[in-house]
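Asker: Structure provided below as C-alpha cells; questions to follow.
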Amino acid sequence: MRYRSHVLFCTGNKCLGNGGEELKLEAQEYLNSLGPAQEILVTKCGCLDQCEYGPMVLVYPEGYWFSGMNSGSVRDLINQLRSDKPLSLRNLYYRMEQKKG
Ligand code: FES
C-alpha cells in the first residue's frame, strides 16, 4: 500500500487524557467505514511537547500540526484529505517548513 497522507495522533500523557487515543480509534474506524484502500495512514505518536494545546494531530507530507482536535474536526480532516481540496486551517497550530529539494 502506498500512502499519500500520514495522520499522527499524539498519545502522550496529556493528549491521552484529552482523548487522543479515542480520536485515533475514531479516525481509523471512520476510514475503515469508507472502504479498504483509502491511502491514508493513521498512527499514534508520542508527546510533541505542545501538551497544553492538545489533542495534537499532525498531517504529513503537508507538515500541518493541528491543536484542540475533536471528533468533528478529525472527520472533517479525513474528508478533506480524501477530496484533494486544500485543508481547512481552522485548528491549525503550526506548519512545519518544507525543505526545497
Ligand atoms: S502529550 Fe501531546 S503534545 Fe505532549
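Each chain in the C-alpha cells gets a letter, A, B, ..., in the order shown, and its residues are numbered from 1; ligands are numbered from 1 in order too.
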Step by step, measure atom-to-atom distances between ligand 1 and each residue using only C-alpha atoms and all ligand atoms, keep those at most 10 Å, then write them as a list in words.
Answerer: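 Within the 10 Å cut-off, the matching residues are Phe9, Cys10, Thr11, Gly12, Asn13, Lys14, Cys15, Leu16, Gly17, Asn18, Gly20, Cys45, Gly46, Cys47, Leu48, Asp49, Gln50, Cys51, Glu52, Tyr53, Gly54, Pro55, Met56, Val57 and Ser67 of chain A.
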Asker: Need the shell around Glu97 (chain A): protein/DNA/RNA residues with any atom at most 12 Å away, counting only C-alpha atoms. Skip same-chain ones fewer than 2 positions apart. Format as a PyMOL selection string?
Answerer: chain A and resi 60-65+94-95+99-100
Asker: Mind writing the picked residues with N, CA and C atoms as a PDB file, in the first residue's frame?
Answerer:
```
ATOM      1  N   TYR A  60       1.166  14.655   7.475  1.00  0.00           N
ATOM      2  CA  TYR A  60       2.318  14.691   6.565  1.00  0.00           C
ATOM      3  C   TYR A  60       1.962  14.015   5.251  1.00  0.00           C
ATOM      4  N   PRO A  61       2.498  14.451   4.130  1.00  0.00           N
ATOM      5  CA  PRO A  61       3.664  15.314   3.977  1.00  0.00           C
ATOM      6  C   PRO A  61       3.373  16.808   4.064  1.00  0.00           C
ATOM      7  N   GLU A  62       2.148  17.207   4.300  1.00  0.00           N
ATOM      8  CA  GLU A  62       1.829  18.634   4.327  1.00  0.00           C
ATOM      9  C   GLU A  62       2.548  19.372   5.451  1.00  0.00           C
ATOM     10  N   GLY A  63       2.824  18.667   6.550  1.00  0.00           N
ATOM     11  CA  GLY A  63       3.516  19.297   7.658  1.00  0.00           C
ATOM     12  C   GLY A  63       2.635  20.161   8.528  1.00  0.00           C
ATOM     13  N   TYR A  64       1.343  19.876   8.533  1.00  0.00           N
ATOM     14  CA  TYR A  64       0.407  20.624   9.371  1.00  0.00           C
ATOM     15  C   TYR A  64       0.306  20.000  10.754  1.00  0.00           C
ATOM     16  N   TRP A  65       0.322  20.871  11.763  1.00  0.00           N
ATOM     17  CA  TRP A  65       0.082  20.445  13.140  1.00  0.00           C
ATOM     18  C   TRP A  65      -1.215  21.107  13.583  1.00  0.00           C
ATOM     19  N   TYR A  94       0.417  25.028  13.715  1.00  0.00           N
ATOM     20  CA  TYR A  94       1.781  25.251  13.245  1.00  0.00           C
ATOM     21  C   TYR A  94       1.934  24.551  11.905  1.00  0.00           C
ATOM     22  N   ARG A  95       2.755  25.122  11.039  1.00  0.00           N
ATOM     23  CA  ARG A  95       3.072  24.410   9.808  1.00  0.00           C
ATOM     24  C   ARG A  95       4.570  24.221   9.720  1.00  0.00           C
ATOM     25  N   LYS A  99      11.454  21.507   3.286  1.00  0.00           N
ATOM     26  CA  LYS A  99      12.729  21.770   2.633  1.00  0.00           C
ATOM     27  C   LYS A  99      12.527  21.701   1.139  1.00  0.00           C
ATOM     28  N   LYS A 100      13.122  22.646   0.465  1.00  0.00           N
ATOM     29  CA  LYS A 100      13.071  22.635  -1.002  1.00  0.00           C
ATOM     30  C   LYS A 100      14.144  21.672  -1.482  1.00  0.00           C
TER      31      LYS A 100
END
```
Asker: One number please: CA of Pro36 (chain A) to CA of Ser71 (chain A), in Å, one decimal.
Answerer: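 Pair CA of Pro36 (chain A) / CA of Ser71 (chain A) returns 21.1 Å.
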Asker: Tell me, as JSON, numbers by chain, which residues lie within 9 Å of Val74 (chain A), counting only C-alpha atoms; anything in the same chain fewer than 4 positions away does not count.
Answerer: {"A": [23, 24, 26, 27, 57, 69, 70, 78, 79]}
Asker: Store the residues picked out above in a file with N, CA and C atoms, as a tab-separated table (two decimals), in the first residue's frame.
Answerer:
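Final output, part-v5.tsv:
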```tsv
chain	number	residue	atom	x	y	z
A	23	LEU	N	-9.62	9.58	19.66
A	23	LEU	CA	-9.66	10.23	18.34
A	23	LEU	C	-8.99	9.38	17.29
A	24	LYS	N	-7.85	8.79	17.63
A	24	LYS	CA	-7.15	7.91	16.68
A	24	LYS	C	-8.04	6.72	16.32
A	26	GLU	N	-11.31	6.53	16.48
A	26	GLU	CA	-12.44	7.02	15.68
A	26	GLU	C	-12.02	7.27	14.25
A	27	ALA	N	-10.84	7.86	14.07
A	27	ALA	CA	-10.35	8.14	12.72
A	27	ALA	C	-10.16	6.84	11.95
A	57	VAL	N	-2.79	16.71	16.47
A	57	VAL	CA	-2.87	15.81	15.31
A	57	VAL	C	-1.99	16.39	14.21
A	69	MET	N	-8.09	19.22	18.73
A	69	MET	CA	-8.94	18.46	17.81
A	69	MET	C	-10.03	17.71	18.56
A	70	ASN	N	-11.14	17.46	17.84
A	70	ASN	CA	-12.24	16.68	18.39
A	70	ASN	C	-12.79	15.77	17.29
A	78	ILE	N	-10.18	14.16	7.62
A	78	ILE	CA	-10.10	12.96	6.77
A	78	ILE	C	-10.85	13.19	5.47
A	79	ASN	N	-12.02	13.79	5.55
A	79	ASN	CA	-12.78	14.06	4.32
A	79	ASN	C	-12.00	15.00	3.40
```
Asker: Counting only C-alpha atoms, figure out which residue out of A:Asn91, A:Thr43, A:Gln28, A:Ser83 gets nearest to Gly68 (chain A).
Answerer: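 Distance minimum relative to Gly68 (chain A) lands on A:Asn91.
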